[in-house]
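Have a look at the structure below, then the notes.
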Amino acid sequence: MGCSLFPSFPGAVPELADLLDFVEIGPDTLCREVERSGRTALTFVPSLLGEALEAVGDLDVVVHGLELSIGTADGWNSAYVDMLDDFAGRCSFAWHSEHLGFLFARTGSGRRRRVRHAGVPLPMPFTQETVDVVAPRARALATRYGRPFLLENAAYYLPDLPADAGWDEAELLARLVEAADCHLLLDLFNLHVNATNHGLDVLDLLGRIPLDRVVEIHVAGGDEAAGFLLDSHSAVVPDEVWSLLRWTLDRAPNVAGVVYEVLETHLPRVGLAAVRSQLEQLRSVCVAAAVTA
Amino acid sequence: MSLRGWQAALVGLLAGDEAVPAGDDVTAAEAAWLATVRSTPGYALTSQVQCQWRAFRVRSCLPLTARLLGARFEPLVAAYVEDRGEPASFFLREAEQFVEHSRAALAAAASADDRLAHADAVTRFELAMTRPHAGARGGPELIGFLAPPGAVLGRLAAGRRPPPPAPRPVAYLRCGAGTCRLASGDELAASQ
């Protein structure tokens, strides 16, 4: 069982350590962007990295990235990969995960070629072309670091995403893990958000995702706005997601970790006492599932 | 399906591009989707989340400016994001663009509340202290403060109002390479 690292609150993880088996680190959150010869690089802020490793102590580490942009059609963020190379030399981690989506696009050609940033993570279409772009990269990442690579299903608000005939999010995930021979970080709250916002049957989606590929699960809570449920990681886990967790744990034989996710900016609002309470509940659900199994 | 064309068009749409691409870049179905998606609530929410992330980046780079401006800060950031649709990749660049965009509004605000006359020095100080960490080039910068710099920055850091401004700078900070100190008389003379 794990939780996210909160770089701005270095005391949080040590305070929760008695409930944790591992900590999920977003190494890009310990970096600053630096421009070198017209290229972007991510370099570690020594104080942030030092505090992070000290906070983790003897707990295991898993990596959870945000900045890779694994789905950008003509090339991911190589600065992120360079940074992860550096991190791998400093800290051992059990597995590495990344959001399925893209953060930027390249436009133009030749001298007019440029990168345009979305400023927000965007979803991939449910198509074979997405599989063709992402699967080789997922495979390459697993090889590069010699550890399992996990793709995380993302929340999205855009309606009717382009899709090949008969494809949806579950079909895309199934095809991707098959083509890449990689694993899944199943974010049950994201799935709940998508089902709620787009009127989908969440158990139908879950039933078609290859649960034997799930190595890690995320649970979280969020706010509502403008008639949408938001993937804001700003609240305790809703009852529906606890039910999904129990359902999934009974059917996913290779789950090695479950994380309660709170966005760092919302930690003061949620409160450390509530995080502790959520982790205790998480442990009891996981223990009950293990006993049942 | 042309993933490259679709992604470029979607990013462009969120940046405020008026024209939806057609022709070889996207299929007819994708062009139709791009043309209709921006009138959907889901697109409006995606756009709103994008604005929130951009505002977060500006706030992260300019925490003392945000405290100085108080309730005026958020509307200024919102106006900046609205006018400048293209997000920057760097926190620093987003903050620099915000300061440039807001210069006239900040000057106007100072006429309503004299403490806001410190805004020019505070924004310059925060950007100057951030630039070296972001690999940006440039030599040391002399920044004139309308009250003792320690009092202005210290009070803002403590969440208090800064002292009243003098009509002209009373001291200069020399900021460079991620550090700052009071500028000497020789340094001031050399800069003029």
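Labels for the structure tokens follow display order: chains A, B, ..., residues from 1 in each chain, ligands from 1.
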Neighbouring residues of stretch 168-184 of chain B were defined as those with any atom within 12 Å, considering only C-alpha atoms; residues of the same chain fewer than 5 positions away were excluded. Please report them as a JSON list (two decimals) with all heavy atoms, in the first residue's frame.
```json
[["chain", "number", "residue", "atom", "x", "y", "z"],
["B", 117, "ALA", "N", 2.53, 50.23, -5.71],
["B", 117, "ALA", "CA", 3.69, 50.79, -6.41],
["B", 117, "ALA", "C", 4.93, 49.89, -6.24],
["B", 117, "ALA", "O", 5.89, 50.01, -6.99],
["B", 117, "ALA", "CB", 3.98, 52.20, -5.89],
["B", 118, "HIS", "N", 4.90, 49.01, -5.25],
["B", 118, "HIS", "CA", 6.01, 48.06, -5.07],
["B", 118, "HIS", "C", 5.98, 46.94, -6.10],
["B", 118, "HIS", "O", 6.92, 46.15, -6.17],
["B", 118, "HIS", "CB", 5.94, 47.44, -3.67],
["B", 118, "HIS", "CG", 6.18, 48.39, -2.55],
["B", 118, "HIS", "ND1", 7.35, 49.11, -2.40],
["B", 118, "HIS", "CD2", 5.39, 48.76, -1.50],
["B", 118, "HIS", "CE1", 7.28, 49.87, -1.32],
["B", 118, "HIS", "NE2", 6.09, 49.69, -0.76],
["B", 120, "ASP", "N", 6.31, 46.65, -9.30],
["B", 120, "ASP", "CA", 7.38, 46.58, -10.30],
["B", 120, "ASP", "C", 8.64, 45.94, -9.70],
["B", 120, "ASP", "O", 9.22, 45.01, -10.28],
["B", 120, "ASP", "CB", 7.69, 47.98, -10.83],
["B", 120, "ASP", "CG", 8.79, 47.95, -11.88],
["B", 120, "ASP", "OD1", 8.58, 47.30, -12.92],
["B", 120, "ASP", "OD2", 9.88, 48.52, -11.63],
["B", 121, "ALA", "N", 9.04, 46.41, -8.52],
["B", 121, "ALA", "CA", 10.25, 45.87, -7.89],
["B", 121, "ALA", "C", 10.06, 44.41, -7.48],
["B", 121, "ALA", "O", 10.96, 43.57, -7.67],
["B", 121, "ALA", "CB", 10.62, 46.72, -6.67],
["B", 122, "VAL", "N", 8.90, 44.09, -6.95],
["B", 122, "VAL", "CA", 8.68, 42.72, -6.45],
["B", 122, "VAL", "C", 8.66, 41.72, -7.60],
["B", 122, "VAL", "O", 9.26, 40.65, -7.53],
["B", 122, "VAL", "CB", 7.38, 42.65, -5.61],
["B", 122, "VAL", "CG1", 7.07, 41.21, -5.22],
["B", 122, "VAL", "CG2", 7.52, 43.50, -4.36],
["B", 124, "ARG", "N", 10.05, 42.10, -10.54],
["B", 124, "ARG", "CA", 11.42, 42.01, -11.10],
["B", 124, "ARG", "C", 12.31, 41.16, -10.20],
["B", 124, "ARG", "O", 13.14, 40.38, -10.67],
["B", 124, "ARG", "CB", 12.00, 43.41, -11.28],
["B", 124, "ARG", "CG", 11.38, 44.17, -12.45],
["B", 124, "ARG", "CD", 11.98, 45.55, -12.58],
["B", 124, "ARG", "NE", 13.41, 45.49, -12.85],
["B", 124, "ARG", "CZ", 14.23, 46.53, -12.68],
["B", 124, "ARG", "NH1", 13.77, 47.69, -12.24],
["B", 124, "ARG", "NH2", 15.52, 46.41, -12.95],
["B", 125, "PHE", "N", 12.16, 41.34, -8.89],
["B", 125, "PHE", "CA", 12.95, 40.55, -7.94],
["B", 125, "PHE", "C", 12.64, 39.06, -8.10],
["B", 125, "PHE", "O", 13.56, 38.23, -8.20],
["B", 125, "PHE", "CB", 12.65, 41.01, -6.51],
["B", 125, "PHE", "CG", 13.16, 40.07, -5.45],
["B", 125, "PHE", "CD1", 14.51, 40.06, -5.09],
["B", 125, "PHE", "CD2", 12.30, 39.18, -4.81],
["B", 125, "PHE", "CE1", 14.98, 39.18, -4.12],
["B", 125, "PHE", "CE2", 12.76, 38.30, -3.85],
["B", 125, "PHE", "CZ", 14.10, 38.30, -3.50],
["B", 126, "GLU", "N", 11.35, 38.71, -8.14],
["B", 126, "GLU", "CA", 11.00, 37.28, -8.21],
["B", 126, "GLU", "C", 11.47, 36.65, -9.52],
["B", 126, "GLU", "O", 11.98, 35.52, -9.53],
["B", 126, "GLU", "CB", 9.49, 37.11, -8.04],
["B", 126, "GLU", "CG", 9.03, 37.49, -6.64],
["B", 126, "GLU", "CD", 7.65, 36.98, -6.29],
["B", 126, "GLU", "OE1", 6.65, 37.57, -6.77],
["B", 126, "GLU", "OE2", 7.57, 36.01, -5.52],
["B", 127, "LEU", "N", 11.33, 37.38, -10.60],
["B", 127, "LEU", "CA", 11.80, 36.84, -11.89],
["B", 127, "LEU", "C", 13.31, 36.73, -11.91],
["B", 127, "LEU", "O", 13.88, 35.73, -12.39],
["B", 127, "LEU", "CB", 11.30, 37.71, -13.05],
["B", 127, "LEU", "CG", 9.78, 37.69, -13.29],
["B", 127, "LEU", "CD1", 9.41, 38.66, -14.41],
["B", 127, "LEU", "CD2", 9.30, 36.28, -13.64],
["B", 128, "ALA", "N", 13.99, 37.74, -11.37],
["B", 128, "ALA", "CA", 15.47, 37.73, -11.37],
["B", 128, "ALA", "C", 16.00, 36.57, -10.54],
["B", 128, "ALA", "O", 17.02, 35.96, -10.88],
["B", 128, "ALA", "CB", 16.00, 39.05, -10.83],
["B", 129, "MET", "N", 15.30, 36.23, -9.46],
["B", 129, "MET", "CA", 15.77, 35.14, -8.61],
["B", 129, "MET", "C", 15.46, 33.77, -9.22],
["B", 129, "MET", "O", 16.09, 32.78, -8.89],
["B", 129, "MET", "CB", 15.13, 35.24, -7.22],
["B", 129, "MET", "CG", 15.55, 36.47, -6.44],
["B", 129, "MET", "SD", 17.33, 36.55, -6.17],
["B", 129, "MET", "CE", 17.55, 35.31, -4.91],
["B", 130, "THR", "N", 14.48, 33.73, -10.09],
["B", 130, "THR", "CA", 14.09, 32.46, -10.71],
["B", 130, "THR", "C", 14.92, 32.16, -11.96],
["B", 130, "THR", "O", 15.24, 31.00, -12.24],
["B", 130, "THR", "CB", 12.59, 32.48, -11.10],
["B", 130, "THR", "OG1", 11.84, 32.81, -9.94],
["B", 130, "THR", "CG2", 12.12, 31.13, -11.61],
["B", 131, "ARG", "N", 15.27, 33.23, -12.70],
["B", 131, "ARG", "CA", 15.93, 33.01, -14.00],
["B", 131, "ARG", "C", 17.17, 32.12, -13.94],
["B", 131, "ARG", "O", 17.30, 31.20, -14.74],
["B", 131, "ARG", "CB", 16.30, 34.37, -14.62],
["B", 131, "ARG", "CG", 15.12, 35.01, -15.31],
["B", 131, "ARG", "CD", 15.55, 36.23, -16.12],
["B", 131, "ARG", "NE", 14.37, 36.97, -16.50],
["B", 131, "ARG", "CZ", 14.00, 38.13, -15.97],
["B", 131, "ARG", "NH1", 14.73, 38.71, -15.04],
["B", 131, "ARG", "NH2", 12.89, 38.72, -16.35],
["B", 132, "PRO", "N", 18.11, 32.35, -13.01],
["B", 132, "PRO", "CA", 19.31, 31.50, -13.02],
["B", 132, "PRO", "C", 18.99, 30.03, -12.80],
["B", 132, "PRO", "O", 19.62, 29.16, -13.37],
["B", 132, "PRO", "CB", 20.14, 32.05, -11.85],
["B", 132, "PRO", "CG", 19.60, 33.41, -11.60],
["B", 132, "PRO", "CD", 18.15, 33.36, -11.96],
["B", 133, "HIS", "N", 17.97, 29.75, -11.99],
["B", 133, "HIS", "CA", 17.61, 28.35, -11.73],
["B", 133, "HIS", "C", 16.98, 27.69, -12.95],
["B", 133, "HIS", "O", 16.92, 26.48, -13.06],
["B", 133, "HIS", "CB", 16.64, 28.26, -10.55],
["B", 133, "HIS", "CG", 17.24, 28.74, -9.26],
["B", 133, "HIS", "ND1", 18.36, 28.17, -8.72],
["B", 133, "HIS", "CD2", 16.89, 29.74, -8.43],
["B", 133, "HIS", "CE1", 18.67, 28.79, -7.60],
["B", 133, "HIS", "NE2", 17.80, 29.76, -7.41],
["B", 134, "ALA", "N", 16.46, 28.53, -13.84],
["B", 134, "ALA", "CA", 15.84, 27.99, -15.06],
["B", 134, "ALA", "C", 16.80, 28.04, -16.24],
["B", 134, "ALA", "O", 16.39, 27.85, -17.38],
["B", 134, "ALA", "CB", 14.57, 28.77, -15.38],
["B", 135, "GLY", "N", 18.06, 28.31, -15.95],
["B", 135, "GLY", "CA", 19.07, 28.28, -17.01],
["B", 135, "GLY", "C", 19.02, 29.49, -17.93],
["B", 135, "GLY", "O", 19.71, 29.52, -18.95],
["B", 136, "ALA", "N", 18.20, 30.49, -17.56],
["B", 136, "ALA", "CA", 18.12, 31.68, -18.41],
["B", 136, "ALA", "C", 19.40, 32.51, -18.27],
["B", 136, "ALA", "O", 19.97, 32.61, -17.18],
["B", 136, "ALA", "CB", 16.90, 32.51, -18.03],
["B", 137, "ARG", "N", 19.81, 33.07, -19.38],
["B", 137, "ARG", "CA", 21.04, 33.85, -19.36],
["B", 137, "ARG", "C", 20.76, 35.30, -18.95],
["B", 137, "ARG", "O", 19.64, 35.73, -18.90],
["B", 137, "ARG", "CB", 21.70, 33.81, -20.73],
["B", 137, "ARG", "CG", 22.24, 32.43, -21.04],
["B", 137, "ARG", "CD", 22.95, 32.45, -22.37],
["B", 137, "ARG", "NE", 23.37, 31.09, -22.71],
["B", 137, "ARG", "CZ", 23.57, 30.68, -23.94],
["B", 137, "ARG", "NH1", 23.41, 31.49, -24.95],
["B", 137, "ARG", "NH2", 23.96, 29.45, -24.16],
["B", 138, "GLY", "N", 21.81, 36.03, -18.68],
["B", 138, "GLY", "CA", 21.66, 37.45, -18.35],
["B", 138, "GLY", "C", 22.53, 37.79, -17.15],
["B", 138, "GLY", "O", 22.77, 36.95, -16.29],
["B", 139, "GLY", "N", 23.02, 39.01, -17.15],
["B", 139, "GLY", "CA", 23.90, 39.44, -16.06],
["B", 139, "GLY", "C", 23.11, 39.87, -14.85],
["B", 139, "GLY", "O", 21.88, 39.76, -14.83],
["B", 140, "PRO", "N", 23.81, 40.35, -13.82],
["B", 140, "PRO", "CA", 23.12, 40.82, -12.62],
["B", 140, "PRO", "C", 22.20, 41.99, -12.95],
["B", 140, "PRO", "O", 22.44, 42.73, -13.89],
["B", 140, "PRO", "CB", 24.26, 41.27, -11.71],
["B", 140, "PRO", "CG", 25.51, 40.82, -12.34],
["B", 140, "PRO", "CD", 25.25, 40.50, -13.75],
["B", 141, "GLU", "N", 21.17, 42.13, -12.14],
["B", 141, "GLU", "CA", 20.17, 43.17, -12.39],
["B", 141, "GLU", "C", 20.07, 44.03, -11.13],
["B", 141, "GLU", "O", 20.04, 43.52, -10.01],
["B", 141, "GLU", "CB", 18.83, 42.48, -12.68],
["B", 141, "GLU", "CG", 17.75, 43.41, -13.14],
["B", 141, "GLU", "CD", 16.45, 42.64, -13.49],
["B", 141, "GLU", "OE1", 16.49, 41.40, -13.52],
["B", 141, "GLU", "OE2", 15.44, 43.31, -13.70],
["B", 142, "LEU", "N", 20.01, 45.35, -11.33],
["B", 142, "LEU", "CA", 19.80, 46.26, -10.19],
["B", 142, "LEU", "C", 18.32, 46.62, -10.14],
["B", 142, "LEU", "O", 17.76, 47.10, -11.12],
["B", 142, "LEU", "CB", 20.64, 47.53, -10.36],
["B", 142, "LEU", "CG", 22.16, 47.37, -10.28],
["B", 142, "LEU", "CD1", 22.83, 48.72, -10.30],
["B", 142, "LEU", "CD2", 22.56, 46.62, -9.01],
["B", 143, "ILE", "N", 17.72, 46.40, -9.00],
["B", 143, "ILE", "CA", 16.28, 46.62, -8.85],
["B", 143, "ILE", "C", 16.04, 47.67, -7.77],
["B", 143, "ILE", "O", 16.43, 47.47, -6.60],
["B", 143, "ILE", "CB", 15.55, 45.31, -8.50],
["B", 143, "ILE", "CG1", 15.80, 44.26, -9.59],
["B", 143, "ILE", "CG2", 14.06, 45.54, -8.32],
["B", 143, "ILE", "CD1", 15.33, 42.87, -9.24],
["B", 144, "GLY", "N", 15.41, 48.79, -8.16],
["B", 144, "GLY", "CA", 15.15, 49.86, -7.21],
["B", 144, "GLY", "C", 13.89, 49.60, -6.41],
["B", 144, "GLY", "O", 12.85, 49.24, -6.98],
["B", 145, "PHE", "N", 13.99, 49.76, -5.08],
["B", 145, "PHE", "CA", 12.83, 49.57, -4.20],
["B", 145, "PHE", "C", 12.40, 50.91, -3.60],
["B", 145, "PHE", "O", 13.25, 51.73, -3.22],
["B", 145, "PHE", "CB", 13.19, 48.60, -3.06],
["B", 145, "PHE", "CG", 13.10, 47.15, -3.47],
["B", 145, "PHE", "CD1", 14.09, 46.57, -4.28],
["B", 145, "PHE", "CD2", 12.05, 46.35, -3.05],
["B", 145, "PHE", "CE1", 14.00, 45.25, -4.66],
["B", 145, "PHE", "CE2", 11.96, 45.02, -3.42],
["B", 145, "PHE", "CZ", 12.93, 44.46, -4.23],
["B", 146, "LEU", "N", 11.12, 51.10, -3.48],
["B", 146, "LEU", "CA", 10.56, 52.36, -2.97],
["B", 146, "LEU", "C", 10.46, 52.35, -1.44],
["B", 146, "LEU", "O", 9.86, 53.27, -0.85],
["B", 146, "LEU", "CB", 9.19, 52.61, -3.59],
["B", 146, "LEU", "CG", 9.18, 52.64, -5.14],
["B", 146, "LEU", "CD1", 7.75, 52.80, -5.68],
["B", 146, "LEU", "CD2", 10.06, 53.76, -5.67],
["B", 147, "ALA", "N", 11.00, 51.33, -0.81],
["B", 147, "ALA", "CA", 11.12, 51.22, 0.65],
["B", 147, "ALA", "C", 12.26, 50.23, 0.88],
["B", 147, "ALA", "O", 12.66, 49.53, -0.06],
["B", 147, "ALA", "CB", 9.81, 50.72, 1.27],
["B", 148, "PRO", "N", 12.78, 50.13, 2.09],
["B", 148, "PRO", "CA", 13.87, 49.17, 2.31],
["B", 148, "PRO", "C", 13.48, 47.78, 1.81],
["B", 148, "PRO", "O", 12.41, 47.26, 2.20],
["B", 148, "PRO", "CB", 14.05, 49.20, 3.83],
["B", 148, "PRO", "CG", 13.59, 50.57, 4.22],
["B", 148, "PRO", "CD", 12.46, 50.91, 3.29],
["B", 149, "PRO", "N", 14.29, 47.18, 0.94],
["B", 149, "PRO", "CA", 13.91, 45.89, 0.33],
["B", 149, "PRO", "C", 13.58, 44.81, 1.35],
["B", 149, "PRO", "O", 12.65, 44.02, 1.17],
["B", 149, "PRO", "CB", 15.13, 45.51, -0.51],
["B", 149, "PRO", "CG", 15.84, 46.79, -0.76],
["B", 149, "PRO", "CD", 15.57, 47.67, 0.42],
["B", 150, "GLY", "N", 14.35, 44.77, 2.43],
["B", 150, "GLY", "CA", 14.11, 43.75, 3.45],
["B", 150, "GLY", "C", 12.72, 43.88, 4.05],
["B", 150, "GLY", "O", 12.03, 42.88, 4.32],
["B", 151, "ALA", "N", 12.29, 45.13, 4.23],
["B", 151, "ALA", "CA", 10.96, 45.35, 4.81],
["B", 151, "ALA", "C", 9.87, 44.97, 3.82],
["B", 151, "ALA", "O", 8.86, 44.34, 4.18],
["B", 151, "ALA", "CB", 10.82, 46.81, 5.22],
["B", 152, "VAL", "N", 10.05, 45.35, 2.56],
["B", 152, "VAL", "CA", 9.04, 45.04, 1.54],
["B", 152, "VAL", "C", 8.89, 43.53, 1.39],
["B", 152, "VAL", "O", 7.79, 42.96, 1.51],
["B", 152, "VAL", "CB", 9.41, 45.67, 0.18],
["B", 152, "VAL", "CG1", 8.43, 45.21, -0.91],
["B", 152, "VAL", "CG2", 9.43, 47.19, 0.27],
["B", 153, "LEU", "N", 10.01, 42.86, 1.15],
["B", 153, "LEU", "CA", 9.95, 41.42, 0.86],
["B", 153, "LEU", "C", 9.63, 40.61, 2.12],
["B", 153, "LEU", "O", 8.87, 39.64, 2.08],
["B", 153, "LEU", "CB", 11.28, 40.95, 0.25],
["B", 153, "LEU", "CG", 11.67, 41.66, -1.05],
["B", 153, "LEU", "CD1", 13.09, 41.28, -1.48],
["B", 153, "LEU", "CD2", 10.68, 41.35, -2.17],
["B", 189, "ALA", "N", 26.46, 53.65, -9.59],
["B", 189, "ALA", "CA", 27.04, 54.67, -10.50],
["B", 189, "ALA", "C", 27.35, 54.04, -11.85],
["B", 189, "ALA", "O", 27.10, 54.64, -12.91],
["B", 189, "ALA", "CB", 28.29, 55.27, -9.87],
["B", 190, "ALA", "N", 27.89, 52.83, -11.82],
["B", 190, "ALA", "CA", 28.27, 52.18, -13.08],
["B", 190, "ALA", "C", 27.06, 51.85, -13.93],
["B", 190, "ALA", "O", 27.15, 51.76, -15.16],
["B", 190, "ALA", "CB", 29.05, 50.89, -12.75],
["B", 191, "SER", "N", 25.92, 51.67, -13.28],
["B", 191, "SER", "CA", 24.71, 51.29, -14.04],
["B", 191, "SER", "C", 24.04, 52.50, -14.69],
["B", 191, "SER", "O", 23.15, 52.34, -15.50],
["B", 191, "SER", "CB", 23.73, 50.57, -13.13],
["B", 191, "SER", "OG", 23.11, 51.50, -12.27]]
```
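Excluding stretch 57-70 of chain B itself and any same-chain residue fewer than 3 positions from it, the protein and nucleic acid residues within 7 Å of it, counting only C-alpha atoms, are Trp53, Arg54, Phe73, Phe91, Leu92, Glu94, Ala95, Leu116, Ala119, Val122, Thr123, Glu126, Leu156, Ala157 and Gly159 of chain B.
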Take the residues just selected and output them with C-alpha atoms as a compact mmCIF listing (two decimals), in the first residue's frame.
```txt
# COMPACT_ATOMS: atom_id res chain seq x y z
CA TRP B 53 -2.80 24.91 -14.64
CA ARG B 54 -1.41 28.02 -16.31
CA PHE B 73 -4.08 38.98 -8.71
CA PHE B 91 6.94 28.16 -15.47
CA LEU B 92 9.34 31.09 -15.80
CA GLU B 94 4.61 31.91 -18.36
CA ALA B 95 5.37 34.25 -15.44
CA LEU B 116 0.94 48.45 -5.25
CA ALA B 119 4.73 45.67 -7.74
CA VAL B 122 8.68 42.72 -6.45
CA THR B 123 7.94 41.13 -9.83
CA GLU B 126 11.00 37.28 -8.21
CA LEU B 156 5.09 40.15 2.08
CA ALA B 157 6.66 36.80 2.95
CA GLY B 159 1.64 37.84 4.78
```
Any chance you could list, as an MDAnalysis selection string, the residues in stretch 8-250 of chain A that come up strand (DSSP E) when DSSP is run on the backbone? chainID A and resid 22:25 31:36 39:44 60:65 96:99 102:107 114:122 149:152 183:187 214:219 224:225 228:229
Select, from A:Ser4, A:Thr265, A:Thr107, A:Asn153, the residue with the minimum atom-to-atom distance to chain B, counting only C-alpha atoms. A:Thr107
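Straight-line separation from atom CA of A:Arg111 to atom CA of B:Ala35: 28.6 Å.
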Using backbone DSSP assignments, extract all helix (DSSP H, G or I) residues from chain B; output them as a ChimeraX atom specification. /B:3-14,28-37,41-61,63-83,91-112,114-134,149-157,185-191
Select all residues from chain B having any atom no more than 6 Å from an atom of chain A (counting only C-alpha atoms, ignoring ligands), output as a ChimeraX atom specification. /B:4,7-8,11,42-43,50,87,134-135
Could you please take those selected residues and save N, CA and C atoms as a PDB file, in the first residue's frame?
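Saved to part_3.pdb:
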```
ATOM      1  N   ARG B   4      -1.009  12.764 -35.906  1.00  0.00           N
ATOM      2  CA  ARG B   4      -0.199  13.991 -35.824  1.00  0.00           C
ATOM      3  C   ARG B   4      -1.048  15.222 -36.112  1.00  0.00           C
ATOM      4  N   GLN B   7      -3.703  15.820 -33.283  1.00  0.00           N
ATOM      5  CA  GLN B   7      -3.123  16.374 -32.054  1.00  0.00           C
ATOM      6  C   GLN B   7      -2.760  17.844 -32.240  1.00  0.00           C
ATOM      7  N   ALA B   8      -2.132  18.158 -33.370  1.00  0.00           N
ATOM      8  CA  ALA B   8      -1.744  19.551 -33.623  1.00  0.00           C
ATOM      9  C   ALA B   8      -2.970  20.450 -33.674  1.00  0.00           C
ATOM     10  N   VAL B  11      -4.448  20.878 -30.048  1.00  0.00           N
ATOM     11  CA  VAL B  11      -3.619  21.801 -29.261  1.00  0.00           C
ATOM     12  C   VAL B  11      -3.820  23.233 -29.767  1.00  0.00           C
ATOM     13  N   GLY B  42     -17.736  19.593 -22.449  1.00  0.00           N
ATOM     14  CA  GLY B  42     -16.489  18.898 -22.141  1.00  0.00           C
ATOM     15  C   GLY B  42     -15.270  19.670 -22.614  1.00  0.00           C
ATOM     16  N   TYR B  43     -15.404  20.328 -23.758  1.00  0.00           N
ATOM     17  CA  TYR B  43     -14.308  21.166 -24.255  1.00  0.00           C
ATOM     18  C   TYR B  43     -14.133  22.387 -23.354  1.00  0.00           C
ATOM     19  N   GLN B  50      -7.112  23.773 -18.294  1.00  0.00           N
ATOM     20  CA  GLN B  50      -5.872  24.300 -18.862  1.00  0.00           C
ATOM     21  C   GLN B  50      -5.548  25.664 -18.249  1.00  0.00           C
ATOM     22  N   PRO B  87      -0.139  28.377 -24.285  1.00  0.00           N
ATOM     23  CA  PRO B  87       0.583  28.131 -23.033  1.00  0.00           C
ATOM     24  C   PRO B  87       2.088  28.041 -23.270  1.00  0.00           C
ATOM     25  N   ALA B 134      16.461  28.531 -13.844  1.00  0.00           N
ATOM     26  CA  ALA B 134      15.842  27.988 -15.058  1.00  0.00           C
ATOM     27  C   ALA B 134      16.805  28.040 -16.236  1.00  0.00           C
ATOM     28  N   GLY B 135      18.061  28.305 -15.950  1.00  0.00           N
ATOM     29  CA  GLY B 135      19.065  28.283 -17.011  1.00  0.00           C
ATOM     30  C   GLY B 135      19.024  29.491 -17.927  1.00  0.00           C
TER      31      GLY B 135
END
```
Between atom CA of A:Leu249 and atom CA of A:Ser277, what is the spacing in Å? 20.0 Å
Which is closest to B:Ala71 among B:Thr27, B:Pro163, B:Ala109, B:Gln97, if we use only C-alpha atoms? B:Ala109
Atom CA of B:Val26 sits from atom CA of A:Arg113 at a separation of 17.7 Å
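Checking B:Phe56, B:Asp83, B:Ala28, B:Glu18 one by one against B:Gly5, counting only C-alpha atoms, you find the shortest gap at B:Ala28.
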